[in-house]
$ cat upload_3.pdb   # PDB, C-alpha atoms
ATOM      1  CA  MET A   1     -13.633   8.682  18.398
ATOM      2  CA  ARG A   2     -16.359   8.512  15.768
ATOM      3  CA  PHE A   3     -15.181   8.724  12.186
ATOM      4  CA  LEU A   4     -17.595   9.067   9.278
ATOM      5  CA  LEU A   5     -16.662   9.805   5.697
ATOM      6  CA  ASP A   6     -18.200  12.909   4.182
ATOM      7  CA  ASP A   7     -19.984  12.925   0.818
ATOM      8  CA  GLU A   8     -16.930  14.167  -1.056
ATOM      9  CA  GLN A   9     -14.733  11.400   0.344
ATOM     10  CA  ARG A  10     -17.326   8.752  -0.487
ATOM     11  CA  GLU A  11     -17.651  10.021  -4.043
ATOM     12  CA  PHE A  12     -13.864  10.047  -4.407
ATOM     13  CA  THR A  13     -13.586   6.390  -3.422
ATOM     14  CA  ARG A  14     -16.511   5.421  -5.661
ATOM     15  CA  SER A  15     -14.919   7.159  -8.634
ATOM     16  CA  LEU A  16     -11.592   5.419  -7.993
ATOM     17  CA  ASP A  17     -13.347   2.059  -7.752
ATOM     18  CA  ALA A  18     -15.140   2.628 -11.065
ATOM     19  CA  MET A  19     -12.008   3.866 -12.797
ATOM     20  CA  LEU A  20      -9.849   0.960 -11.639
ATOM     21  CA  THR A  21     -12.530  -1.570 -12.528
ATOM     22  CA  ALA A  22     -12.574  -0.202 -16.068
ATOM     23  CA  ALA A  23      -8.771  -0.265 -16.204
ATOM     24  CA  ASP A  24      -8.660  -4.093 -15.846
ATOM     25  CA  THR A  25      -5.982  -3.984 -13.163
ATOM     26  CA  PRO A  26      -5.613  -7.785 -12.912
ATOM     27  CA  ALA A  27      -4.397  -7.801 -16.522
ATOM     28  CA  ALA A  28      -2.113  -4.854 -15.746
ATOM     29  CA  ALA A  29      -0.694  -6.689 -12.714
ATOM     30  CA  ARG A  30       0.016  -9.853 -14.708
ATOM     31  CA  ALA A  31       1.688  -7.864 -17.464
ATOM     32  CA  TRP A  32       3.735  -5.949 -14.885
ATOM     33  CA  ALA A  33       4.949  -9.210 -13.358
ATOM     34  CA  ALA A  34       6.024 -10.363 -16.829
ATOM     35  CA  GLY A  35       8.005  -7.166 -17.425
ATOM     36  CA  ASP A  36       5.450  -5.352 -19.601
ATOM     37  CA  GLN A  37       4.691  -2.038 -17.891
ATOM     38  CA  ALA A  38       2.412  -0.470 -20.511
ATOM     39  CA  LEU A  39      -0.919  -1.280 -18.847
ATOM     40  CA  GLY A  40       0.447  -0.457 -15.416
ATOM     41  CA  ARG A  41       1.734   2.921 -16.551
ATOM     42  CA  ALA A  42      -1.615   3.655 -18.182
ATOM     43  CA  ALA A  43      -3.339   2.941 -14.860
ATOM     44  CA  TRP A  44      -0.735   5.126 -13.126
ATOM     45  CA  GLY A  45      -1.634   7.987 -15.445
ATOM     46  CA  ARG A  46      -5.330   7.614 -14.643
ATOM     47  CA  LEU A  47      -4.580   7.648 -10.913
ATOM     48  CA  ALA A  48      -2.523  10.803 -11.357
ATOM     49  CA  GLU A  49      -5.359  12.461 -13.269
ATOM     50  CA  ALA A  50      -7.678  11.578 -10.395
ATOM     51  CA  GLY A  51      -5.263  13.370  -8.041
ATOM     52  CA  VAL A  52      -4.129  10.348  -6.023
ATOM     53  CA  PHE A  53      -0.421  11.212  -6.020
ATOM     54  CA  ALA A  54      -1.091  14.908  -5.426
ATOM     55  CA  LEU A  55      -2.711  14.044  -2.079
ATOM     56  CA  ALA A  56       0.660  13.767  -0.327
ATOM     57  CA  VAL A  57       2.240  16.770  -2.087
ATOM     58  CA  PRO A  58       1.919  20.225  -0.465
ATOM     59  CA  GLU A  59      -0.003  22.864  -2.396
ATOM     60  CA  GLU A  60       3.072  25.040  -2.953
ATOM     61  CA  TYR A  61       4.557  22.209  -5.038
ATOM     62  CA  GLU A  62       1.492  21.682  -7.265
ATOM     63  CA  GLY A  63      -0.200  19.198  -4.952
ATOM     64  CA  VAL A  64      -3.366  19.343  -2.849
ATOM     65  CA  GLY A  65      -2.029  17.971   0.438
ATOM     66  CA  PRO A  66      -0.779  16.642   2.587
ATOM     67  CA  LEU A  67      -4.067  14.794   3.148
ATOM     68  CA  PRO A  68      -3.335  11.508   4.949
ATOM     69  CA  VAL A  69      -6.997  10.517   5.345
ATOM     70  CA  GLU A  70      -7.611  10.811   1.610
ATOM     71  CA  VAL A  71      -4.364   8.935   0.953
ATOM     72  CA  ALA A  72      -5.600   6.105   3.177
ATOM     73  CA  LEU A  73      -8.974   6.008   1.417
ATOM     74  CA  SER A  74      -7.420   5.928  -2.041
ATOM     75  CA  TYR A  75      -4.865   3.266  -1.141
ATOM     76  CA  VAL A  76      -7.605   0.981   0.126
ATOM     77  CA  GLU A  77      -8.951   1.085  -3.427
ATOM     78  CA  LEU A  78      -5.490   0.484  -4.889
ATOM     79  CA  GLY A  79      -5.213  -2.637  -2.742
ATOM     80  CA  ARG A  80      -8.735  -3.747  -3.579
ATOM     81  CA  HIS A  81      -7.842  -3.661  -7.280
ATOM     82  CA  ALA A  82      -4.267  -5.028  -6.966
ATOM     83  CA  VAL A  83      -2.704  -2.003  -8.671
ATOM     84  CA  PRO A  84       0.954  -2.759  -9.487
ATOM     85  CA  GLY A  85       3.935  -0.449  -9.103
ATOM     86  CA  PRO A  86       5.675   1.485  -6.319
ATOM     87  CA  VAL A  87       2.567   3.369  -5.244
ATOM     88  CA  VAL A  88       3.506   3.304  -1.559
ATOM     89  CA  GLU A  89       7.076   4.370  -2.247
ATOM     90  CA  THR A  90       5.935   7.290  -4.398
ATOM     91  CA  VAL A  91       3.767   8.685  -1.615
ATOM     92  CA  ALA A  92       6.628   8.149   0.849
ATOM     93  CA  VAL A  93       8.998  10.132  -1.359
ATOM     94  CA  ALA A  94       6.434  12.932  -1.530
ATOM     95  CA  ALA A  95       6.167  12.944   2.267
ATOM     96  CA  LEU A  96       9.942  12.927   2.691
ATOM     97  CA  LEU A  97      10.535  15.841   0.346
ATOM     98  CA  GLY A  98       7.643  17.820   1.801
ATOM     99  CA  ARG A  99       8.937  17.418   5.354
ATOM    100  CA  LEU A 100      12.456  18.278   4.245
ATOM    101  CA  ALA A 101      11.112  21.520   2.788
ATOM    102  CA  GLU A 102       9.326  22.277   6.067
ATOM    103  CA  LEU A 103      12.634  21.840   7.877
ATOM    104  CA  GLY A 104      14.345  24.383   5.675
ATOM    105  CA  ASP A 105      15.672  22.603   2.576
ATOM    106  CA  ALA A 106      13.137  23.224  -0.174
ATOM    107  CA  ALA A 107      15.396  22.734  -3.210
ATOM    108  CA  PRO A 108      14.722  18.973  -3.666
ATOM    109  CA  ALA A 109      10.978  19.550  -3.209
ATOM    110  CA  LYS A 110      10.847  22.293  -5.822
ATOM    111  CA  ARG A 111      12.648  20.076  -8.281
ATOM    112  CA  LEU A 112      11.020  16.685  -7.683
ATOM    113  CA  LEU A 113       7.549  17.134  -6.189
ATOM    114  CA  PRO A 114       5.685  18.692  -9.168
ATOM    115  CA  PRO A 115       6.362  15.721 -11.493
ATOM    116  CA  LEU A 116       5.349  13.328  -8.691
ATOM    117  CA  ALA A 117       2.037  15.137  -8.213
ATOM    118  CA  SER A 118       1.277  15.121 -11.938
ATOM    119  CA  GLY A 119       2.213  11.469 -12.412
ATOM    120  CA  ASP A 120       5.048  12.311 -14.807
ATOM    121  CA  ALA A 121       7.476  10.699 -12.343
ATOM    122  CA  ILE A 122       7.351   7.344 -10.565
ATOM    123  CA  ALA A 123       9.455   7.102  -7.428
ATOM    124  CA  THR A 124      10.943   4.433  -5.247
ATOM    125  CA  LEU A 125      13.241   4.666  -2.259
ATOM    126  CA  THR A 126      15.076   2.885   0.501
ATOM    127  CA  LEU A 127      14.942   4.027   4.112
ATOM    128  CA  PRO A 128      16.606   2.667   7.255
ATOM    129  CA  GLU A 129      13.182   1.612   8.577
ATOM    130  CA  GLY A 130      12.128  -0.019   5.327
ATOM    131  CA  GLY A 131      14.949  -2.433   4.615
ATOM    132  CA  PRO A 132      17.657  -2.502   1.947
ATOM    133  CA  PHE A 133      15.479  -3.138  -1.111
ATOM    134  CA  ALA A 134      13.754  -0.653  -3.398
ATOM    135  CA  LEU A 135      10.486  -1.718  -4.997
ATOM    136  CA  ASP A 136      10.239  -1.674  -8.805
ATOM    137  CA  ALA A 137      13.413   0.323  -9.280
ATOM    138  CA  ASP A 138      13.419  -0.593 -12.975
ATOM    139  CA  ALA A 139      10.056   1.160 -13.449
ATOM    140  CA  ALA A 140      10.880   4.218 -11.336
ATOM    141  CA  THR A 141      12.167   7.443 -12.823
ATOM    142  CA  LEU A 142      13.268   8.666  -9.383
ATOM    143  CA  ARG A 143      15.273   6.357  -7.104
ATOM    144  CA  LEU A 144      16.088   7.869  -3.718
ATOM    145  CA  SER A 145      17.942   6.537  -0.728
ATOM    146  CA  ALA A 146      18.233   8.054   2.730
ATOM    147  CA  GLU A 147      21.089   6.682   4.797
ATOM    148  CA  ASP A 148      23.598   8.104   7.276
ATOM    149  CA  ALA A 149      21.791  11.477   7.239
ATOM    150  CA  GLU A 150      22.244  11.788   3.464
ATOM    151  CA  LEU A 151      19.540  11.862   0.795
ATOM    152  CA  ARG A 152      20.805  10.717  -2.580
ATOM    153  CA  LEU A 153      19.352  10.276  -6.040
ATOM    154  CA  SER A 154      20.577   6.910  -7.271
ATOM    155  CA  ALA A 155      21.647   6.351 -10.856
ATOM    156  CA  GLY A 156      19.992   2.922 -11.041
ATOM    157  CA  GLN A 157      19.568  -0.522  -9.538
ATOM    158  CA  ALA A 158      22.175  -3.136  -8.895
ATOM    159  CA  ARG A 159      20.757  -6.605  -8.271
ATOM    160  CA  VAL A 160      17.124  -7.709  -8.515
ATOM    161  CA  GLU A 161      15.737 -10.080  -5.890
ATOM    162  CA  ARG A 162      12.701 -12.323  -6.244
ATOM    163  CA  SER A 163       9.593 -11.580  -4.212
ATOM    164  CA  LEU A 164       6.726 -13.811  -3.172
ATOM    165  CA  ASP A 165       4.482 -11.395  -5.072
ATOM    166  CA  PRO A 166       5.566 -11.496  -8.758
ATOM    167  CA  THR A 167       4.316  -7.938  -9.262
ATOM    168  CA  ARG A 168       6.801  -6.663  -6.669
ATOM    169  CA  ARG A 169      10.386  -6.604  -7.971
ATOM    170  CA  LEU A 170      12.921  -5.844  -5.262
ATOM    171  CA  ALA A 171      16.355  -4.411  -5.993
ATOM    172  CA  ARG A 172      19.327  -2.891  -4.243
ATOM    173  CA  LEU A 173      20.110   0.602  -5.492
ATOM    174  CA  ARG A 174      23.586   1.405  -6.704
ATOM    175  CA  PRO A 175      25.607   3.182  -3.992
ATOM    176  CA  GLY A 176      26.473   6.824  -4.374
ATOM    177  CA  GLY A 177      24.564   9.081  -6.713
ATOM    178  CA  GLU A 178      23.698  12.759  -6.585
ATOM    179  CA  LEU A 179      23.578  14.214  -3.079
ATOM    180  CA  LEU A 180      20.280  16.077  -2.612
ATOM    181  CA  ALA A 181      20.491  16.949   1.090
ATOM    182  CA  ALA A 182      22.403  16.083   4.245
ATOM    183  CA  GLY A 183      22.107  16.581   7.985
ATOM    184  CA  PRO A 184      19.639  15.921  10.812
ATOM    185  CA  ALA A 185      16.737  17.139   8.677
ATOM    186  CA  VAL A 186      17.232  14.157   6.363
ATOM    187  CA  THR A 187      17.051  11.734   9.296
ATOM    188  CA  GLU A 188      13.853  13.351  10.594
ATOM    189  CA  SER A 189      12.301  13.442   7.106
ATOM    190  CA  ALA A 190      13.154   9.791   6.488
ATOM    191  CA  ARG A 191      11.448   8.802   9.724
ATOM    192  CA  TYR A 192       8.385  10.814   8.735
ATOM    193  CA  ALA A 193       8.345   9.210   5.283
ATOM    194  CA  ALA A 194       8.492   5.733   6.828
ATOM    195  CA  THR A 195       5.351   6.559   8.820
ATOM    196  CA  TRP A 196       3.555   7.567   5.616
ATOM    197  CA  ALA A 197       4.773   4.402   3.886
ATOM    198  CA  SER A 198       3.443   2.279   6.740
ATOM    199  CA  LEU A 199       0.072   4.054   6.615
ATOM    200  CA  ALA A 200      -0.246   3.591   2.845
ATOM    201  CA  THR A 201       0.771  -0.066   3.129
ATOM    202  CA  ALA A 202      -1.812  -0.630   5.869
ATOM    203  CA  ALA A 203      -4.488   0.890   3.642
ATOM    204  CA  GLN A 204      -3.369  -1.198   0.688
ATOM    205  CA  ALA A 205      -3.449  -4.342   2.845
ATOM    206  CA  LEU A 206      -6.961  -3.540   4.050
ATOM    207  CA  GLY A 207      -8.097  -3.205   0.434
ATOM    208  CA  VAL A 208      -6.481  -6.533  -0.437
ATOM    209  CA  GLY A 209      -8.278  -8.197   2.468
ATOM    210  CA  LEU A 210     -11.635  -6.718   1.467
ATOM    211  CA  ALA A 211     -11.162  -7.930  -2.113
ATOM    212  CA  LEU A 212     -10.297 -11.434  -0.910
ATOM    213  CA  LEU A 213     -13.383 -11.504   1.286
ATOM    214  CA  ASP A 214     -15.661 -10.346  -1.545
ATOM    215  CA  LYS A 215     -14.237 -12.918  -3.958
ATOM    216  CA  THR A 216     -14.504 -15.729  -1.431
ATOM    217  CA  VAL A 217     -18.097 -14.887  -0.496
ATOM    218  CA  ALA A 218     -19.029 -14.909  -4.179
ATOM    219  CA  TYR A 219     -17.255 -18.244  -4.690
ATOM    220  CA  VAL A 220     -18.832 -20.094  -1.765
ATOM    221  CA  LYS A 221     -22.270 -19.096  -3.042
ATOM    222  CA  GLN A 222     -21.514 -20.871  -6.311
ATOM    223  CA  ARG A 223     -19.484 -23.915  -5.258
ATOM    224  CA  THR A 224     -21.681 -26.814  -4.267
ATOM    225  CA  GLN A 225     -21.065 -29.886  -2.123
ATOM    226  CA  PHE A 226     -23.652 -32.572  -1.356
ATOM    227  CA  GLY A 227     -25.989 -30.671  -3.653
ATOM    228  CA  THR A 228     -25.904 -27.366  -1.757
ATOM    229  CA  PRO A 229     -23.713 -24.221  -1.895
ATOM    230  CA  ILE A 230     -20.913 -24.484   0.652
ATOM    231  CA  GLY A 231     -21.659 -20.934   1.744
ATOM    232  CA  GLY A 232     -24.648 -22.340   3.596
ATOM    233  CA  PHE A 233     -22.480 -24.435   5.926
ATOM    234  CA  GLN A 234     -22.057 -23.038   9.424
ATOM    235  CA  ALA A 235     -18.295 -23.654   9.459
ATOM    236  CA  VAL A 236     -17.875 -21.589   6.283
ATOM    237  CA  LYS A 237     -20.102 -18.816   7.602
ATOM    238  CA  HIS A 238     -18.141 -18.649  10.846
ATOM    239  CA  ARG A 239     -14.807 -18.573   9.031
ATOM    240  CA  LEU A 240     -15.887 -15.690   6.815
ATOM    241  CA  ALA A 241     -17.448 -13.862   9.747
ATOM    242  CA  ASP A 242     -14.084 -13.978  11.532
ATOM    243  CA  VAL A 243     -12.429 -12.514   8.441
ATOM    244  CA  LEU A 244     -15.010  -9.729   8.227
ATOM    245  CA  ILE A 245     -14.655  -8.839  11.905
ATOM    246  CA  ALA A 246     -10.863  -8.611  11.649
ATOM    247  CA  LEU A 247     -11.086  -6.341   8.595
ATOM    248  CA  GLU A 248     -13.742  -4.125  10.156
ATOM    249  CA  PHE A 249     -11.697  -3.805  13.352
ATOM    250  CA  ALA A 250      -8.697  -2.735  11.284
ATOM    251  CA  ARG A 251     -10.631  -0.070   9.365
ATOM    252  CA  PRO A 252     -11.172   2.419  12.251
ATOM    253  CA  LEU A 253      -7.565   1.937  13.350
ATOM    254  CA  LEU A 254      -6.488   2.954   9.851
ATOM    255  CA  TYR A 255      -8.738   6.020   9.759
ATOM    256  CA  GLY A 256      -7.723   7.026  13.276
ATOM    257  CA  ALA A 257      -4.036   6.702  12.400
ATOM    258  CA  ALA A 258      -4.556   8.852   9.306
ATOM    259  CA  LEU A 259      -6.119  11.541  11.491
ATOM    260  CA  THR A 260      -3.335  11.631  14.082
ATOM    261  CA  MET A 261      -0.314  10.423  12.061
ATOM    262  CA  ARG A 262       1.289   9.338  15.314
ATOM    263  CA  ARG A 263       3.868   6.607  14.774
ATOM    264  CA  ALA A 264       2.277   4.315  17.345
ATOM    265  CA  ASP A 265      -1.199   4.738  15.850
ATOM    266  CA  VAL A 266       0.090   4.018  12.349
ATOM    267  CA  ALA A 267       1.979   0.980  13.639
ATOM    268  CA  ALA A 268      -1.182  -0.357  15.296
ATOM    269  CA  ALA A 269      -3.128   0.130  12.071
ATOM    270  CA  LYS A 270      -0.414  -1.564  10.028
ATOM    271  CA  ALA A 271      -0.313  -4.588  12.327
ATOM    272  CA  ALA A 272      -4.098  -4.959  12.375
ATOM    273  CA  ALA A 273      -4.637  -4.436   8.644
ATOM    274  CA  SER A 274      -1.835  -6.701   7.489
ATOM    275  CA  GLU A 275      -2.853  -9.498   9.867
ATOM    276  CA  ALA A 276      -6.495  -9.156   8.805
ATOM    277  CA  ALA A 277      -5.513  -9.321   5.129
ATOM    278  CA  TYR A 278      -3.313 -12.337   5.791
ATOM    279  CA  GLY A 279      -6.191 -14.040   7.595
ATOM    280  CA  ALA A 280      -8.451 -13.258   4.638
ATOM    281  CA  ALA A 281      -5.882 -14.816   2.310
ATOM    282  CA  ARG A 282      -5.676 -18.011   4.374
ATOM    283  CA  ALA A 283      -9.462 -18.326   4.459
ATOM    284  CA  ALA A 284      -9.747 -17.589   0.737
ATOM    285  CA  LEU A 285      -7.177 -20.226  -0.100
ATOM    286  CA  GLN A 286      -8.865 -22.867   2.034
ATOM    287  CA  LEU A 287     -12.408 -22.164   0.856
ATOM    288  CA  HIS A 288     -11.476 -21.979  -2.823
ATOM    289  CA  GLY A 289      -9.908 -25.415  -2.608
ATOM    290  CA  ALA A 290      -7.492 -26.569  -5.296
ATOM    291  CA  ILE A 291      -8.295 -23.709  -7.673
ATOM    292  CA  GLY A 292      -6.969 -21.279  -5.066
ATOM    293  CA  TYR A 293      -3.479 -22.684  -5.583
ATOM    294  CA  THR A 294      -3.578 -22.026  -9.335
ATOM    295  CA  ALA A 295      -1.345 -19.150 -10.405
ATOM    296  CA  GLU A 296      -3.482 -18.545 -13.490
ATOM    297  CA  TYR A 297      -6.526 -17.870 -11.324
ATOM    298  CA  ASP A 298      -6.785 -14.154 -10.512
ATOM    299  CA  LEU A 299      -7.205 -14.837  -6.806
ATOM    300  CA  SER A 300      -3.445 -15.457  -6.686
ATOM    301  CA  LEU A 301      -2.794 -11.763  -7.347
ATOM    302  CA  TRP A 302      -4.349 -10.860  -4.003
ATOM    303  CA  LEU A 303      -3.111 -13.920  -2.126
ATOM    304  CA  THR A 304       0.537 -13.187  -2.814
ATOM    305  CA  LYS A 305       0.097  -9.466  -2.249
ATOM    306  CA  ALA A 306      -1.450 -10.043   1.178
ATOM    307  CA  ARG A 307       1.610 -12.041   2.221
ATOM    308  CA  ALA A 308       4.072  -9.521   0.782
ATOM    309  CA  LEU A 309       2.374  -6.497   2.359
ATOM    310  CA  ARG A 310       2.340  -8.203   5.742
ATOM    311  CA  GLY A 311       6.098  -7.713   6.026
ATOM    312  CA  ALA A 312       6.487  -4.524   4.010
ATOM    313  CA  TRP A 313       7.170  -1.270   5.889
ATOM    314  CA  GLY A 314       6.912  -2.879   9.299
ATOM    315  CA  SER A 315       6.102  -6.496  10.086
ATOM    316  CA  PRO A 316       3.361  -7.164  12.665
ATOM    317  CA  ALA A 317       6.024  -7.956  15.271
ATOM    318  CA  VAL A 318       7.915  -4.732  14.583
ATOM    319  CA  CYS A 319       4.704  -2.694  14.655
ATOM    320  CA  ARG A 320       3.553  -4.218  17.931
ATOM    321  CA  GLY A 321       6.968  -3.543  19.425
ATOM    322  CA  LEU A 322       6.695   0.094  18.410
ATOM    323  CA  VAL A 323       3.246   0.382  19.971
ATOM    324  CA  LEU A 324       4.454  -1.191  23.215
ATOM    325  CA  SER A 325       7.606   0.914  23.436
ATOM    326  CA  THR A 326       5.647   4.110  22.775
ATOM    327  CA  GLY A 327       3.110   3.118  25.415
ATOM    328  CA  ARG A 328       5.865   2.678  28.003
ATOM    329  CA  GLU A 329       7.319   6.072  27.115
ATOM    330  CA  ASP A 330       3.878   7.716  27.373
ATOM    331  CA  GLY A 331       3.265   5.978  30.702
TER
END
$ encode --input "upload_3.pdb" --output "C-alpha cells"
Amino acid sequence: MRFLLDDEQREFTRSLDAMLTAADTPAAARAWAAGDQALGRAAWGRLAEAGVFALAVPEEYEGVGPLPVEVALSYVELGRHAVPGPVVETVAVAALLGRLAELGDAAPAKRLLPPLASGDAIATLTLPEGGPFALDADAATLRLSAEDAELRLSAGQARVERSLDPTRRLARLRPGGELLAAGPAVTESARYAATWASLATAAQALGVGLALLDKTVAYVKQRTQFGTPIGGFQAVKHRLADVLIALEFARPLLYGAALTMRRADVAAAKAAASEAAYGAARAALQLHGAIGYTAEYDLSLWLTKARALRGAWGSPAVCRGLVLSTGREDG
C-alpha cells in the first residue's frame, strides 16, 4: 500500500501546527496540570473552530465525518504540541454515539453530538476495553460510561487518582446516572469507540515521539563536550537514527490503520507508535543529561506523556495479543 497525503490534508496539518504554536500549548499544559483550565479551554475552542472534533461526527449531526485519516493527522499535531485535555476521549464518545445511531438508536446522537462537534462540550468516558478511569472528568461537561450493555451519563466523578503525566487526571465516575441506551448495540458501539480511542492515542503518541526527536536533535547540536557539539558523535547519531526509524516505521502503520479501521491494524499501529514514542523519550532523557530530569524544563511535558500514552487504550502487550489472536482467526 502506498499512502500519500493530498494537498488539502497537508495544508490542514500545517494550519494546525501554526495555530497550536501560537497558542503556547506548553503553558496551557502546565496550567492544566495545576488546575487552571483557562488556557487549555481556549486551545480547545481553537481546535473546534478548525474542525478537529467535527471530524469524527457524522454530517447529519453537524459534523464532517467520520474521517479517521484526518483524525489521525490532527491528533499527531495534538501530540506534537502536548495539548492537554480529554481529546482522545471526546473523539471516542463521538464514534460511540455515531455507531449507536447507525445501529438504530439515534436519540443520544441527536442530543449530544452537535455540541461535541462545535466544541461547546468536552467529553470523557470509561469503556470495558479502556480501564476503570475517566480522563479529566473534572473538566468534562459530558461523562459517559458503557458497562454491562448500558450507556449512562454520569453525574460526576468520585475519586481522583494520580497519573505519571500531571496533565492527565484520572478519576472513577460515580455509579448510576441517566440511562441513555441499553442492549447489544451499546456493546458493539463501545467496542467501536475503543478502536477509535486506540487510533487517536496512537496518533497522539507518534506526535509526542516526533516532538521529542526534534527537541533532542536541536539540543545535541548546541550542547558541547570536549569542545565539539555532541551531535557530531557517532554514538549520538546512531541513537537518534534508531529513534527516527522507529517513528517512521510507525507512521505508515498509523495511516494504514486509519484507512481500514480494522481492530488488528489499529492495535498494530498503537503498539508501534507508543513503543517508538517511548524509545524517543528514553533517548531524549539520556541525551539531555541532567536537565532532562528537571520538571521545570518543557521536555518533561512530552517525556511523561510518552510514558502515559504507552499504556492508555491498549498497552503494547495487549495490542500485540490482539494482532496475534486476529491473525490466528484469519488463518
$ resolve_selection --input "upload_3.pdb" --expression "the PyMOL selection byres ((chain A and resi 59) around 12)" --output "list in words"
Ala54, Leu55, Ala56, Val57, Pro58, Glu60, Tyr61, Glu62, Gly63, Val64, Gly65, Pro66, Leu67, Ala94, Gly98, Ala109, Lys110, Leu113, Pro114 and Ala117 of chain A
$ closest_atom_pairs --input "upload_3.pdb" --of "region 111-213 of chain A" --to "region 49-53 of chain A" --cutoff "9 Å" --atoms "all atoms listed in the file" --output "CSV"
residue,atom,partner,partner_atom,distance
A:Leu116,CA,A:Phe53,CA,6.7
A:Ala117,CA,A:Phe53,CA,5.1
A:Ser118,CA,A:Glu49,CA,7.3
A:Gly119,CA,A:Phe53,CA,6.9
$ resolve_selection --input "upload_3.pdb" --expression "the PyMOL selection byres ((chain A and resi 150) around 7)" --output "list in words"
Ala146, Glu147, Asp148, Ala149, Leu151, Arg152, Ala181, Ala182, Gly183 and Val186 of chain A
$ closest_residue --input "upload_3.pdb" --among "A:Tyr192, A:Tyr278, A:Trp44, A:Tyr75" --to "Ile122 (chain A)" --atoms "all atoms listed in the file"
A:Trp44
$ resolve_selection --input "upload_3.pdb" --expression "the PyMOL selection byres ((chain A and resi 153) around 12)" --output "JSON, numbers by chain"
{"A": [93, 108, 112, 123, 124, 125, 126, 140, 141, 142, 143, 144, 145, 146, 147, 150, 151, 152, 154, 155, 156, 157, 173, 174, 175, 176, 177, 178, 179, 180, 181]}
$ closest_residue --input "upload_3.pdb" --among "A:Ala283, A:Ala193, A:Ile291, A:Val69" --to "Val88 (chain A)" --atoms "all atoms listed in the file"
A:Ala193
$ atom_distance --input "upload_3.pdb" --atom1 "CA of Ala33 (chain A)" --atom2 "CA of Leu299 (chain A)"
14.9 Å
$ closest_atom_pairs --input "upload_3.pdb" --of "region 232-331 of chain A" --to "region 218-223 of chain A" --cutoff "9 Å" --atoms "all atoms listed in the file" --output "tab-separated table"
residue	atom	partner	partner_atom	distance
A:Gly232	CA	A:Lys221	CA	7.8
A:Val236	CA	A:Val220	CA	8.2
A:Leu287	CA	A:Val220	CA	7.2
A:His288	CA	A:Tyr219	CA	7.1
$ write_last_selection --input "upload_3.pdb" --atoms "C-alpha atoms" --output "PDB file, in the frame of the given file"
ATOM      1  CA  GLY A 232     -24.648 -22.340   3.596  1.00  0.00           C
ATOM      2  CA  VAL A 236     -17.875 -21.589   6.283  1.00  0.00           C
ATOM      3  CA  LEU A 287     -12.408 -22.164   0.856  1.00  0.00           C
ATOM      4  CA  HIS A 288     -11.476 -21.979  -2.823  1.00  0.00           C
TER       5      HIS A 288
END
$ build_atoms --input "upload_3.pdb" --residues "region 168-172 of chain A" --atoms "all heavy atoms" --output "PDB file, keeping the file's coordinate frame"
ATOM      1  N   ARG A 168       5.912  -7.491  -7.480  1.00  0.00           N
ATOM      2  CA  ARG A 168       6.801  -6.663  -6.669  1.00  0.00           C
ATOM      3  C   ARG A 168       8.242  -7.098  -6.917  1.00  0.00           C
ATOM      4  O   ARG A 168       8.683  -8.125  -6.425  1.00  0.00           O
ATOM      5  CB  ARG A 168       6.467  -6.798  -5.178  1.00  0.00           C
ATOM      6  CG  ARG A 168       5.104  -6.259  -4.813  1.00  0.00           C
ATOM      7  CD  ARG A 168       4.732  -6.650  -3.384  1.00  0.00           C
ATOM      8  NE  ARG A 168       5.693  -6.172  -2.407  1.00  0.00           N
ATOM      9  CZ  ARG A 168       5.657  -4.976  -1.837  1.00  0.00           C
ATOM     10  NH1 ARG A 168       4.697  -4.115  -2.156  1.00  0.00           N
ATOM     11  NH2 ARG A 168       6.554  -4.626  -0.949  1.00  0.00           N
ATOM     12  N   ARG A 169       8.984  -6.303  -7.699  1.00  0.00           N
ATOM     13  CA  ARG A 169      10.386  -6.604  -7.971  1.00  0.00           C
ATOM     14  C   ARG A 169      11.259  -5.786  -7.023  1.00  0.00           C
ATOM     15  O   ARG A 169      11.163  -4.556  -6.985  1.00  0.00           O
ATOM     16  CB  ARG A 169      10.730  -6.291  -9.437  1.00  0.00           C
ATOM     17  CG  ARG A 169      10.051  -7.237 -10.415  1.00  0.00           C
ATOM     18  CD  ARG A 169      10.529  -7.003 -11.825  1.00  0.00           C
ATOM     19  NE  ARG A 169      10.211  -5.669 -12.303  1.00  0.00           N
ATOM     20  CZ  ARG A 169       9.012  -5.312 -12.771  1.00  0.00           C
ATOM     21  NH1 ARG A 169       8.036  -6.202 -12.823  1.00  0.00           N
ATOM     22  NH2 ARG A 169       8.784  -4.092 -13.175  1.00  0.00           N
ATOM     23  N   LEU A 170      12.085  -6.473  -6.274  1.00  0.00           N
ATOM     24  CA  LEU A 170      12.921  -5.844  -5.262  1.00  0.00           C
ATOM     25  C   LEU A 170      14.353  -5.733  -5.774  1.00  0.00           C
ATOM     26  O   LEU A 170      14.866  -6.663  -6.393  1.00  0.00           O
ATOM     27  CB  LEU A 170      12.894  -6.641  -3.966  1.00  0.00           C
ATOM     28  CG  LEU A 170      11.497  -6.913  -3.391  1.00  0.00           C
ATOM     29  CD1 LEU A 170      11.592  -7.811  -2.176  1.00  0.00           C
ATOM     30  CD2 LEU A 170      10.791  -5.614  -3.054  1.00  0.00           C
ATOM     31  N   ALA A 171      14.989  -4.606  -5.508  1.00  0.00           N
ATOM     32  CA  ALA A 171      16.355  -4.411  -5.993  1.00  0.00           C
ATOM     33  C   ALA A 171      17.137  -3.548  -5.018  1.00  0.00           C
ATOM     34  O   ALA A 171      16.570  -2.694  -4.317  1.00  0.00           O
ATOM     35  CB  ALA A 171      16.357  -3.749  -7.372  1.00  0.00           C
ATOM     36  N   ARG A 172      18.419  -3.785  -4.972  1.00  0.00           N
ATOM     37  CA  ARG A 172      19.327  -2.891  -4.243  1.00  0.00           C
ATOM     38  C   ARG A 172      19.746  -1.770  -5.184  1.00  0.00           C
ATOM     39  O   ARG A 172      20.117  -2.010  -6.333  1.00  0.00           O
ATOM     40  CB  ARG A 172      20.559  -3.662  -3.763  1.00  0.00           C
ATOM     41  CG  ARG A 172      20.260  -4.704  -2.698  1.00  0.00           C
ATOM     42  CD  ARG A 172      21.539  -5.361  -2.202  1.00  0.00           C
ATOM     43  NE  ARG A 172      21.269  -6.429  -1.253  1.00  0.00           N
ATOM     44  CZ  ARG A 172      21.138  -6.253   0.052  1.00  0.00           C
ATOM     45  NH1 ARG A 172      21.270  -5.027   0.568  1.00  0.00           N
ATOM     46  NH2 ARG A 172      20.898  -7.264   0.849  1.00  0.00           N
TER      47      ARG A 172
END
